[in-house]
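my_file.tsv follows (TSV, C-alpha atoms):
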chain	number	residue	atom	x	y	z
A	17	MET	CA	-13.98	25.04	52.19
A	18	LYS	CA	-11.04	24.09	54.40
A	19	ILE	CA	-8.56	26.63	55.74
A	20	THR	CA	-5.53	25.49	57.70
A	21	LEU	CA	-3.96	27.81	60.28
A	22	ALA	CA	-0.39	26.91	61.21
A	23	PHE	CA	1.30	29.54	63.38
A	24	ASP	CA	4.49	29.65	65.36
A	25	SER	CA	4.17	31.61	68.59
A	26	PHE	CA	4.38	35.40	68.59
A	27	LYS	CA	7.12	35.36	71.20
A	28	GLY	CA	6.59	37.73	74.09
A	29	SER	CA	2.97	38.25	73.12
A	30	LEU	CA	0.82	35.23	72.16
A	31	THR	CA	1.12	31.47	72.00
A	32	SER	CA	0.58	29.61	68.73
A	33	GLN	CA	-2.88	28.54	69.91
A	34	GLU	CA	-3.86	32.09	70.87
A	35	VAL	CA	-2.82	33.38	67.45
A	36	ALA	CA	-4.82	30.67	65.69
A	37	ASP	CA	-7.89	31.24	67.88
A	38	ALA	CA	-7.91	34.98	67.16
A	39	PHE	CA	-7.41	34.44	63.44
A	40	ALA	CA	-10.22	31.88	63.35
A	41	GLU	CA	-12.55	34.35	65.09
A	42	GLY	CA	-11.82	36.93	62.42
A	43	LEU	CA	-12.36	34.46	59.59
A	44	HIS	CA	-15.65	33.27	60.96
A	45	THR	CA	-17.08	36.79	60.84
A	46	CYS	CA	-16.66	36.67	57.05
A	47	VAL	CA	-16.83	32.95	56.32
A	48	PRO	CA	-19.00	31.53	59.12
A	49	HIS	CA	-19.36	28.03	57.72
A	50	CYS	CA	-15.80	27.31	56.59
A	51	GLU	CA	-13.87	24.39	58.05
A	52	ILE	CA	-10.87	25.68	60.00
A	53	HIS	CA	-8.02	23.40	61.07
A	54	LYS	CA	-5.62	24.81	63.66
A	55	VAL	CA	-2.11	23.36	63.81
A	56	THR	CA	0.42	24.45	66.42
A	57	ILE	CA	3.92	24.48	64.97
A	58	ALA	CA	7.42	25.47	66.04
A	59	ASP	CA	10.83	25.58	64.40
A	60	GLY	CA	12.72	23.39	66.84
A	61	GLY	CA	13.28	26.13	69.40
A	62	GLU	CA	11.10	27.41	72.21
A	63	GLY	CA	7.63	25.92	72.06
A	64	THR	CA	8.57	22.78	70.15
A	65	THR	CA	7.71	20.45	73.01
A	66	GLU	CA	4.28	21.99	73.46
A	67	ALA	CA	3.58	22.01	69.71
A	68	LEU	CA	4.36	18.32	69.28
A	69	VAL	CA	2.76	17.10	72.49
A	70	GLU	CA	-0.43	18.95	71.56
A	71	ALA	CA	-0.48	17.79	67.94
A	72	LEU	CA	0.30	14.17	68.81
A	73	ASN	CA	-1.79	13.85	71.98
A	74	GLY	CA	1.22	13.17	74.15
A	75	MET	CA	2.06	13.73	77.78
A	76	TYR	CA	4.49	15.86	79.77
A	77	VAL	CA	7.17	14.56	82.11
A	78	ASP	CA	8.93	16.62	84.78
A	79	THR	CA	12.33	15.44	85.94
A	80	THR	CA	15.07	16.83	88.18
A	81	VAL	CA	18.27	17.64	86.30
A	82	CYS	CA	21.31	19.88	86.54
A	83	ASP	CA	21.18	23.40	85.16
A	84	PRO	CA	24.22	24.69	83.17
A	85	LEU	CA	26.15	25.21	86.42
A	86	GLY	CA	25.15	21.95	88.05
A	87	ARG	CA	22.31	23.17	90.27
A	88	ALA	CA	19.21	21.02	90.61
A	89	ILE	CA	16.19	22.25	88.62
A	90	THR	CA	12.99	20.74	87.24
A	91	ALA	CA	12.93	20.33	83.46
A	92	ARG	CA	9.93	19.32	81.38
A	93	TYR	CA	9.90	17.24	78.21
A	94	GLY	CA	7.24	15.43	76.22
A	95	ILE	CA	6.47	11.83	75.36
A	96	VAL	CA	4.35	10.85	72.34
A	97	ASP	CA	3.77	7.84	70.11
A	98	ASN	CA	2.56	5.54	72.89
A	99	GLY	CA	5.67	6.16	74.93
A	100	ASN	CA	8.16	5.49	72.14
A	101	THR	CA	9.23	9.04	71.31
A	102	ALA	CA	10.62	11.76	73.57
A	103	ILE	CA	10.56	15.46	72.66
A	104	ILE	CA	13.30	17.41	74.36
A	105	GLU	CA	14.42	21.04	74.25
A	106	MET	CA	17.97	21.31	75.53
A	107	ALA	CA	17.29	24.87	76.69
A	108	LYS	CA	14.97	23.51	79.39
A	109	ALA	CA	18.08	22.13	81.14
A	110	SER	CA	21.06	23.88	79.56
A	111	GLY	CA	19.69	27.15	78.25
A	112	LEU	CA	21.06	30.66	78.59
A	113	PRO	CA	17.90	32.02	80.26
A	114	LEU	CA	18.58	29.73	83.24
A	115	LEU	CA	21.58	31.85	84.19
A	116	HIS	CA	21.87	35.34	85.59
A	117	PRO	CA	23.92	37.51	83.20
A	118	ASN	CA	26.85	37.59	85.64
A	119	GLU	CA	26.88	33.76	85.75
A	120	ARG	CA	27.46	33.31	82.02
A	121	ASN	CA	30.77	31.57	81.41
A	122	PRO	CA	31.01	28.89	78.71
A	123	LEU	CA	34.22	27.57	80.22
A	124	LEU	CA	32.20	26.40	83.23
A	125	THR	CA	28.76	25.57	81.83
A	126	SER	CA	27.72	22.07	80.82
A	127	THR	CA	25.04	20.19	78.85
A	128	TYR	CA	24.95	17.49	81.54
A	129	GLY	CA	21.32	18.30	82.37
A	130	THR	CA	20.31	17.72	78.75
A	131	GLY	CA	21.86	14.27	78.99
A	132	GLU	CA	19.90	13.65	82.18
A	133	MET	CA	16.66	14.44	80.35
A	134	ILE	CA	17.58	11.93	77.63
A	135	LEU	CA	18.54	9.38	80.29
A	136	ASP	CA	15.20	9.79	82.04
A	137	ALA	CA	13.36	9.21	78.76
A	138	LEU	CA	15.53	6.16	78.00
A	139	ASN	CA	14.63	4.66	81.35
A	140	ARG	CA	10.94	5.22	80.57
A	141	GLY	CA	11.28	3.19	77.37
A	142	CYS	CA	11.69	5.91	74.76
A	143	ARG	CA	13.86	4.91	71.82
A	144	ASN	CA	13.12	7.72	69.38
A	145	PHE	CA	14.10	11.30	70.18
A	146	LEU	CA	13.20	14.66	68.67
A	147	ILE	CA	15.58	17.21	70.17
A	148	GLY	CA	15.80	20.97	69.80
A	149	ILE	CA	19.18	22.49	70.63
A	150	GLY	CA	18.61	26.25	70.36
A	151	GLY	CA	19.33	28.73	73.13
A	152	SER	CA	22.26	27.01	74.81
A	153	ALA	CA	24.40	28.49	77.58
A	154	THR	CA	27.18	26.04	76.77
A	155	ASN	CA	30.26	25.39	74.64
A	156	ASP	CA	31.22	21.89	75.79
A	157	GLY	CA	30.88	20.00	72.48
A	158	GLY	CA	28.22	17.86	74.12
A	159	MET	CA	30.69	16.40	76.63
A	160	GLY	CA	28.32	17.05	79.50
A	161	MET	CA	25.33	15.48	77.75
A	162	LEU	CA	27.38	12.44	76.75
A	163	SER	CA	28.81	12.11	80.26
A	164	ALA	CA	25.29	11.83	81.69
A	165	LEU	CA	24.67	8.96	79.27
A	166	GLY	CA	27.73	7.05	80.45
A	167	TYR	CA	30.57	8.24	78.23
A	168	ARG	CA	33.79	8.97	80.08
A	169	PHE	CA	36.22	11.59	78.83
A	170	LEU	CA	39.74	10.98	80.18
A	171	ASP	CA	42.84	13.12	80.41
A	172	LYS	CA	46.37	11.80	79.84
A	173	GLN	CA	46.54	10.59	83.46
A	174	GLY	CA	43.33	8.61	83.02
A	175	ASN	CA	41.25	10.94	85.17
A	176	ILE	CA	37.57	11.35	84.32
A	177	LEU	CA	36.91	14.92	83.22
A	178	PRO	CA	33.73	16.88	83.90
A	179	GLY	CA	31.88	17.88	80.74
A	180	THR	CA	32.57	21.60	80.55
A	181	GLY	CA	34.07	23.85	77.92
A	182	GLU	CA	37.20	24.28	79.99
A	183	MET	CA	37.91	20.54	79.84
A	184	LEU	CA	37.74	20.16	76.03
A	185	ALA	CA	41.45	20.86	75.68
A	186	HIS	CA	42.39	18.15	78.21
A	187	VAL	CA	40.57	15.17	76.66
A	188	THR	CA	42.89	12.47	75.32
A	189	GLU	CA	40.65	9.39	75.36
A	190	ILE	CA	36.95	8.40	75.23
A	191	ASP	CA	35.74	5.40	77.23
A	192	ASP	CA	32.33	3.98	76.25
A	193	SER	CA	32.31	0.95	78.57
A	194	HIS	CA	29.64	2.50	80.80
A	195	VAL	CA	27.34	3.91	78.13
A	196	HIS	CA	23.62	3.22	78.59
A	197	PRO	CA	23.01	0.04	76.54
A	198	ALA	CA	19.66	1.25	75.18
A	199	LEU	CA	21.42	3.94	73.14
A	200	ARG	CA	22.37	1.26	70.60
A	201	ASP	CA	18.68	0.95	69.68
A	202	CYS	CA	17.88	4.66	69.58
A	203	HIS	CA	17.21	7.02	66.71
A	204	LEU	CA	17.76	10.72	67.32
A	205	LYS	CA	16.67	13.65	65.18
A	206	VAL	CA	18.22	16.93	66.23
A	207	ALA	CA	16.75	20.25	65.10
A	208	CYS	CA	19.69	22.23	63.80
A	209	ASP	CA	19.17	25.43	61.84
A	210	VAL	CA	22.76	26.67	61.70
A	211	THR	CA	25.48	25.41	59.38
A	212	ASN	CA	28.51	26.47	61.41
A	213	PRO	CA	31.42	24.02	61.66
A	214	LEU	CA	32.75	22.89	65.01
A	215	TYR	CA	35.70	25.28	65.21
A	216	GLY	CA	37.48	28.04	63.33
A	217	GLU	CA	36.45	31.60	62.56
A	218	ASN	CA	32.89	30.49	61.79
A	219	GLY	CA	32.78	27.82	64.49
A	220	ALA	CA	30.96	27.45	67.77
A	221	ALA	CA	33.35	29.46	69.93
A	222	TYR	CA	34.01	32.45	67.69
A	223	ILE	CA	30.43	32.92	66.52
A	224	PHE	CA	28.34	31.98	69.54
A	225	ALA	CA	30.45	31.96	72.72
A	226	PRO	CA	30.61	35.77	73.17
A	227	GLN	CA	26.83	35.93	73.72
A	228	LYS	CA	27.27	33.23	76.37
A	229	GLY	CA	29.75	35.29	78.37
A	230	ALA	CA	33.11	34.59	76.69
A	231	ASP	CA	35.74	37.27	76.22
A	232	ALA	CA	38.37	37.12	73.46
A	233	THR	CA	40.78	35.00	75.51
A	234	MET	CA	38.05	32.53	76.44
A	235	VAL	CA	36.91	32.28	72.82
A	236	GLU	CA	40.42	31.28	71.73
A	237	GLN	CA	40.68	28.77	74.59
A	238	LEU	CA	37.32	27.21	73.69
A	239	ASP	CA	38.17	27.05	70.00
A	240	ASN	CA	41.46	25.28	70.74
A	241	GLY	CA	39.58	22.90	73.01
A	242	LEU	CA	37.09	22.04	70.26
A	243	ARG	CA	39.97	21.35	67.87
A	244	ASN	CA	41.44	18.89	70.35
A	245	TYR	CA	38.02	17.36	71.01
A	246	ALA	CA	37.48	16.76	67.29
A	247	GLN	CA	40.86	15.03	66.98
A	248	VAL	CA	40.10	12.74	69.93
A	249	ILE	CA	36.70	11.82	68.47
A	250	GLU	CA	38.27	11.01	65.11
A	251	GLN	CA	40.81	8.77	66.84
A	252	TYR	CA	38.00	7.13	68.81
A	253	ASN	CA	35.59	6.19	66.00
A	254	GLY	CA	36.83	7.75	62.77
A	255	SER	CA	34.21	10.52	62.69
A	256	ASP	CA	35.52	13.82	61.37
A	257	ILE	CA	33.06	16.47	62.52
A	258	SER	CA	35.43	19.43	62.27
A	259	LEU	CA	33.82	20.91	59.14
A	260	LEU	CA	30.44	19.19	59.34
A	261	PRO	CA	27.69	21.78	58.82
A	262	GLY	CA	25.80	22.15	62.08
A	263	SER	CA	28.48	20.56	64.24
A	264	GLY	CA	29.05	23.96	65.84
A	265	ALA	CA	25.42	24.35	66.87
A	266	ALA	CA	24.76	24.87	70.58
A	267	GLY	CA	28.44	25.14	71.43
A	268	GLY	CA	29.36	21.96	69.57
A	269	LEU	CA	26.45	19.93	70.90
A	270	GLY	CA	25.38	19.24	67.32
A	271	GLY	CA	28.75	17.66	66.65
A	272	GLY	CA	28.61	15.58	69.81
A	273	PHE	CA	25.18	14.23	68.89
A	274	LYS	CA	26.31	13.37	65.37
A	275	ALA	CA	29.66	11.80	66.19
A	276	LEU	CA	28.84	9.69	69.23
A	277	LEU	CA	25.08	9.12	69.05
A	278	ARG	CA	24.69	8.90	65.25
A	279	ALA	CA	22.03	11.59	65.36
A	280	GLN	CA	20.50	13.07	62.24
A	281	LEU	CA	20.82	16.86	62.07
A	282	VAL	CA	17.77	18.33	60.34
A	283	PRO	CA	16.15	21.76	59.98
A	284	GLY	CA	13.90	22.37	62.98
A	285	ILE	CA	10.70	23.07	61.11
A	286	LYS	CA	11.24	20.01	58.91
A	287	MET	CA	11.56	17.85	62.02
A	288	VAL	CA	8.33	19.23	63.47
A	289	LEU	CA	6.26	19.07	60.28
A	290	GLU	CA	7.35	15.51	59.54
A	291	ALA	CA	6.57	14.44	63.09
A	292	ILE	CA	2.98	15.69	62.89
A	293	ALA	CA	2.48	14.51	59.27
A	294	PHE	CA	1.70	18.05	58.17
A	295	ASP	CA	1.42	16.99	54.54
A	296	ARG	CA	-1.61	14.88	55.42
A	297	ILE	CA	-3.14	17.53	57.68
A	298	ILE	CA	-3.28	20.10	54.87
A	299	GLU	CA	-4.76	17.84	52.21
A	300	GLY	CA	-7.77	19.48	50.59
A	301	SER	CA	-7.06	22.94	52.00
A	302	THR	CA	-8.20	25.96	50.00
A	303	LEU	CA	-5.71	28.17	51.78
A	304	ILE	CA	-3.04	27.94	54.48
A	305	VAL	CA	-2.23	30.86	56.77
A	306	THR	CA	1.04	30.77	58.69
A	307	GLY	CA	3.12	33.28	60.57
A	308	GLU	CA	5.37	34.31	63.44
A	309	GLY	CA	6.11	37.38	65.50
A	310	CYS	CA	8.52	38.95	63.03
A	311	ILE	CA	8.74	38.11	59.35
A	312	ASP	CA	12.10	38.98	57.82
A	313	TYR	CA	14.88	37.47	55.71
A	314	GLN	CA	15.23	34.59	58.18
A	315	THR	CA	11.60	33.63	57.50
A	316	ALA	CA	12.42	33.03	53.84
A	317	MET	CA	15.63	31.20	54.73
A	318	GLY	CA	14.05	28.32	56.64
A	319	LYS	CA	12.05	29.37	59.68
A	320	ALA	CA	8.61	27.97	60.44
A	321	PRO	CA	6.53	29.79	57.77
A	322	SER	CA	9.03	28.81	55.09
A	323	GLY	CA	8.76	25.16	56.09
A	324	VAL	CA	4.97	25.36	55.85
A	325	LEU	CA	5.30	26.92	52.40
A	326	GLN	CA	7.59	24.18	51.11
A	327	VAL	CA	5.16	21.43	52.11
A	328	ALA	CA	2.16	23.32	50.75
A	329	LYS	CA	3.80	23.93	47.36
A	330	LEU	CA	3.88	20.17	46.75
A	331	GLN	CA	0.06	20.23	46.88
A	332	ASN	CA	-0.32	23.59	45.08
A	333	ILE	CA	-2.00	25.20	48.09
A	334	PRO	CA	-1.50	28.97	48.41
A	335	VAL	CA	0.09	30.17	51.64
A	336	VAL	CA	-0.33	33.55	53.30
A	337	ALA	CA	2.23	34.65	55.89
A	338	VAL	CA	1.28	37.14	58.60
A	339	GLY	CA	3.51	38.57	61.28
A	340	GLY	CA	3.46	41.00	64.14
A	341	LYS	CA	5.75	43.04	61.94
A	342	VAL	CA	7.29	42.56	58.51
A	343	LYS	CA	10.82	43.65	57.61
A	344	TRP	CA	10.76	43.69	53.84
A	345	CYS	CA	13.79	42.38	51.96
A	346	ASP	CA	14.65	40.76	48.63
A	347	GLU	CA	14.26	37.29	50.12
A	348	LEU	CA	10.63	38.01	51.00
A	349	HIS	CA	9.85	39.74	47.70
A	350	ASN	CA	11.21	36.72	45.83
A	351	SER	CA	9.47	34.13	47.97
A	352	ASP	CA	6.46	32.08	46.85
A	353	PHE	CA	4.04	33.25	49.54
A	354	ALA	CA	0.70	34.22	48.03
A	355	ALA	CA	0.76	37.26	50.33
A	356	ILE	CA	2.78	38.59	53.26
A	357	MET	CA	0.92	40.87	55.66
A	358	PRO	CA	1.83	42.67	58.91
A	359	ILE	CA	-0.86	42.62	61.58
A	360	THR	CA	0.35	45.77	63.33
A	361	PRO	CA	-0.64	49.21	62.02
A	362	GLU	CA	2.45	51.25	61.09
A	363	GLU	CA	1.69	53.99	63.59
A	364	MET	CA	1.27	51.61	66.56
A	365	PRO	CA	4.26	51.40	68.98
A	366	LEU	CA	5.73	47.92	69.40
A	367	GLU	CA	5.13	47.84	73.15
A	368	GLU	CA	1.43	48.51	72.58
A	369	ALA	CA	1.18	46.05	69.70
A	370	MET	CA	2.60	43.23	71.82
A	371	GLN	CA	-0.08	43.55	74.49
A	372	PRO	CA	-2.07	40.31	74.16
A	373	ASP	CA	-5.54	41.86	73.82
A	374	ILE	CA	-4.37	44.37	71.22
A	375	ALA	CA	-2.44	41.72	69.31
A	376	LYS	CA	-5.52	39.49	69.20
A	377	GLU	CA	-7.67	42.30	67.84
A	378	ASN	CA	-5.08	43.10	65.17
A	379	ILE	CA	-5.02	39.43	64.19
A	380	ARG	CA	-8.83	39.34	63.90
A	381	LYS	CA	-8.68	42.36	61.59
A	382	ILE	CA	-5.97	40.85	59.38
A	383	ALA	CA	-8.01	37.65	59.11
A	384	ILE	CA	-10.87	39.67	57.65
A	385	ARG	CA	-8.48	41.28	55.17
A	386	VAL	CA	-7.20	37.85	54.12
A	387	ALA	CA	-10.77	36.66	53.57
A	388	GLN	CA	-11.46	39.72	51.42
A	389	LEU	CA	-8.21	39.44	49.49
A	390	PHE	CA	-8.90	35.85	48.48
A	391	ASN	CA	-12.65	36.30	47.96
A	392	LEU	CA	-13.34	33.60	50.47
A	393	GLN	CA	-16.87	34.90	51.07
A	394	LYS	CA	-17.79	34.32	47.44
A	395	GLU	CA	-16.23	30.88	47.37
A	396	ASN	CA	-18.19	29.89	50.43
A	397	LYS	CA	-21.57	30.82	48.94
As a first step, turn the structure in this file into structure tokens.
Amino acid sequence: MKITLAFDSFKGSLTSQEVADAFAEGLHTCVPHCEIHKVTIADGGEGTTEALVEALNGMYVDTTVCDPLGRAITARYGIVDNGNTAIIEMAKASGLPLLHPNERNPLLTSTYGTGEMILDALNRGCRNFLIGIGGSATNDGGMGMLSALGYRFLDKQGNILPGTGEMLAHVTEIDDSHVHPALRDCHLKVACDVTNPLYGENGAAYIFAPQKGADATMVEQLDNGLRNYAQVIEQYNGSDISLLPGSGAAGGLGGGFKALLRAQLVPGIKMVLEAIAFDRIIEGSTLIVTGEGCIDYQTAMGKAPSGVLQVAKLQNIPVVAVGGKVKWCDELHNSDFAAIMPITPEEMPLEEAMQPDIAKENIRKIAIRVAQLFNLQKENK
């Protein structure tokens, strides 16, 4: 009997590997001779680099880049596929956690450091890129990232503009004469789990900029800048990204990737599962157990456990979802999970439940319940 464990991390408590190890320990007390396959997964956000490097036997690279405000920091990314593919999380260079709360200002922040990570990978020979863009501190439409790769954004006097949100409104021309030549041969997949357009009431500035430090006046300024930016891009190469679903992701970075680098915007978990050939990993499984820290309506709408479920359904393999906590909703009740189970007892405070040792013990106990629920002991005899 083969059981596949495919967990996202329980953020703030346990890594994906720690969750899988604890669950496997619990299973083995009931089903000592079953074959357990552990697969680290992520949904394109935090932990994606580690999940893919581990699954694909890759390596890590540390490089010096600019943080959102231009200060030198060390950012880590992964290389897999014999050096052909780079795995990059933009938050490592341009993420909100890199800033003190009083430094947050999307008029001034830039994705330049993300571009530097891509540039470093290009110079190492990578031509395929898997890029997660969650957690940004920026609203520059990708101007900073593209500037690091050689694009020049000019104002009406022909001056080269820095790639910040404040400069979006001043762009009148795009010069690609200094773009890194290897970009012509590159293929980029960008994990994008939002469908927001570039600008407007549901766009990057109005929906996401306030959490990055923007007040109402700044939001309007950024939105107007993105409108101008979209017009300049359309004049430059004919790409209309204004209403493109996902173009507003990461402060317009999704749109910049799509319009100027021909990137493919895909759901994060789909990108990860395809990269590791998850459909082949699960072949012959009796059961798949997946999960994340909190299971709620977002789980059913496309987060990591949902992606696992969609692949498993094609092979008629039942999937159980477990979470640190479960927030029941219609989306979960109507989902196709064989079971959805919280690991935390109702009476246990969250702070206690998130302590690693306690979380591991709760996971071991829920593994035993899963074995009992699906009669795995009998099947193993």
Next on the checklist: I'd like the contact shell of region 330-342 of chain A - 8 Å cut-off, all atoms listed in the file, skipping same-chain residues fewer than 6 positions apart - returned as a VMD selection string.
Outcome noted: chain A and resid 26 299 301 to 312 321 353 to 360 369 375
Checklist entry - Within 10 Å of (22.3, 2.8, 69.9), all atoms listed in the file: residues as a PyMOL selection string? => result chain A and resi 143+195-204+276-279
Checklist entry - Pick from A:Pro365, A:Ile149, A:Ile374, A:Lys343: nearest to Gly271 (chain A), with only C-alpha atoms counted? => result A:Ile149
Item to check | Who sits within 10 Å of Leu260 (chain A), all atoms listed in the file, same chain under 3 positions skipped, as a PyMOL selection string | outcome: chain A and resi 211-215+256-257+263-264+270-271+274
Item to check | Non-local contacts of region 122-125 of chain A (7 Å; all atoms listed in the file; under 2 positions in same chain excluded) as a ChimeraX atom specification | outcome: /A:84-85,120,153-155,180-182,225,228-230
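The closest residue to Thr31 (chain A), picked from A:Phe390, A:Met370, A:Ile384, A:Thr188 and counting all atoms listed in the file, is A:Met370.
You will find CA of Gly160 (chain A) at 15.2 Å from CA of Asp136 (chain A).
Distance annotation: of A:Thr64, A:Thr90, A:Thr20, A:Ser29, the residue with the minimal separation from Gln371 (chain A) is A:Ser29; atom set is all atoms listed in the file.
Closest approach to Lys18 (chain A) among A:Ala232, A:Leu146, A:Val210, A:Ala40: A:Ala40, based on all atoms listed in the file.
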Next on the checklist: Measuring between only C-alpha atoms, which one of A:Pro361, A:Gly174, A:Gly219, A:Gly262 shows the shortest distance to Leu242 (chain A)?
Outcome noted: A:Gly219
Item to check | Distance of CA of Met133 (chain A) from CA of Gln227 (chain A), expressed in Å to one decimal place | outcome: 24.7 Å
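Pairwise distance (CA of Asp191 (chain A), CA of Lys172 (chain A)) equals 12.7 Å.
With distances restricted to all atoms listed in the file, A:Met287 is the closest residue to Asp209 (chain A) from A:Val248, A:Val47, A:Leu389, A:Met287.
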Checklist entry - Any idea what's packed within 12 Å of Arg380 (chain A), counting only C-alpha atoms, ignoring anything in its chain fewer than 4 positions away? Could you give it as a VMD selection string? => result chain A and resid 34 to 46 338 359 to 360 373 to 376 384 to 387
Could you please fill out region 231-243 of chain A with N, CA, C and O atoms and send it back as a PDB file, in the coordinates of the input?
ATOM      1  N   ASP A 231      34.942  36.178  76.768  1.00  0.00           N
ATOM      2  CA  ASP A 231      35.740  37.270  76.220  1.00  0.00           C
ATOM      3  C   ASP A 231      36.686  36.701  75.166  1.00  0.00           C
ATOM      4  O   ASP A 231      36.654  35.504  74.861  1.00  0.00           O
ATOM      5  N   ALA A 232      37.519  37.544  74.575  1.00  0.00           N
ATOM      6  CA  ALA A 232      38.370  37.120  73.460  1.00  0.00           C
ATOM      7  C   ALA A 232      39.306  35.973  73.856  1.00  0.00           C
ATOM      8  O   ALA A 232      39.523  35.031  73.087  1.00  0.00           O
ATOM      9  N   THR A 233      39.863  36.052  75.055  1.00  0.00           N
ATOM     10  CA  THR A 233      40.780  35.000  75.510  1.00  0.00           C
ATOM     11  C   THR A 233      40.037  33.680  75.684  1.00  0.00           C
ATOM     12  O   THR A 233      40.532  32.615  75.303  1.00  0.00           O
ATOM     13  N   MET A 234      38.857  33.749  76.243  1.00  0.00           N
ATOM     14  CA  MET A 234      38.050  32.530  76.440  1.00  0.00           C
ATOM     15  C   MET A 234      37.636  31.923  75.103  1.00  0.00           C
ATOM     16  O   MET A 234      37.622  30.706  74.947  1.00  0.00           O
ATOM     17  N   VAL A 235      37.301  32.778  74.149  1.00  0.00           N
ATOM     18  CA  VAL A 235      36.910  32.280  72.820  1.00  0.00           C
ATOM     19  C   VAL A 235      38.047  31.472  72.211  1.00  0.00           C
ATOM     20  O   VAL A 235      37.838  30.376  71.681  1.00  0.00           O
ATOM     21  N   GLU A 236      39.262  31.999  72.287  1.00  0.00           N
ATOM     22  CA  GLU A 236      40.420  31.280  71.730  1.00  0.00           C
ATOM     23  C   GLU A 236      40.648  29.968  72.468  1.00  0.00           C
ATOM     24  O   GLU A 236      40.934  28.933  71.855  1.00  0.00           O
ATOM     25  N   GLN A 237      40.508  29.990  73.797  1.00  0.00           N
ATOM     26  CA  GLN A 237      40.680  28.770  74.590  1.00  0.00           C
ATOM     27  C   GLN A 237      39.633  27.722  74.208  1.00  0.00           C
ATOM     28  O   GLN A 237      39.952  26.533  74.045  1.00  0.00           O
ATOM     29  N   LEU A 238      38.389  28.136  74.049  1.00  0.00           N
ATOM     30  CA  LEU A 238      37.320  27.210  73.690  1.00  0.00           C
ATOM     31  C   LEU A 238      37.523  26.650  72.281  1.00  0.00           C
ATOM     32  O   LEU A 238      37.301  25.457  72.025  1.00  0.00           O
ATOM     33  N   ASP A 239      37.955  27.511  71.370  1.00  0.00           N
ATOM     34  CA  ASP A 239      38.170  27.050  70.000  1.00  0.00           C
ATOM     35  C   ASP A 239      39.286  26.009  69.947  1.00  0.00           C
ATOM     36  O   ASP A 239      39.161  24.979  69.273  1.00  0.00           O
ATOM     37  N   ASN A 240      40.377  26.255  70.673  1.00  0.00           N
ATOM     38  CA  ASN A 240      41.460  25.280  70.740  1.00  0.00           C
ATOM     39  C   ASN A 240      40.977  23.975  71.371  1.00  0.00           C
ATOM     40  O   ASN A 240      41.373  22.873  70.949  1.00  0.00           O
ATOM     41  N   GLY A 241      40.123  24.100  72.380  1.00  0.00           N
ATOM     42  CA  GLY A 241      39.580  22.900  73.010  1.00  0.00           C
ATOM     43  C   GLY A 241      38.737  22.095  72.045  1.00  0.00           C
ATOM     44  O   GLY A 241      38.818  20.856  72.017  1.00  0.00           O
ATOM     45  N   LEU A 242      37.913  22.752  71.242  1.00  0.00           N
ATOM     46  CA  LEU A 242      37.090  22.040  70.260  1.00  0.00           C
ATOM     47  C   LEU A 242      37.947  21.366  69.196  1.00  0.00           C
ATOM     48  O   LEU A 242      37.607  20.279  68.708  1.00  0.00           O
ATOM     49  N   ARG A 243      39.050  21.976  68.827  1.00  0.00           N
ATOM     50  CA  ARG A 243      39.970  21.350  67.870  1.00  0.00           C
ATOM     51  C   ARG A 243      40.523  20.043  68.451  1.00  0.00           C
ATOM     52  O   ARG A 243      40.576  19.012  67.772  1.00  0.00           O
TER      53      ARG A 243
END
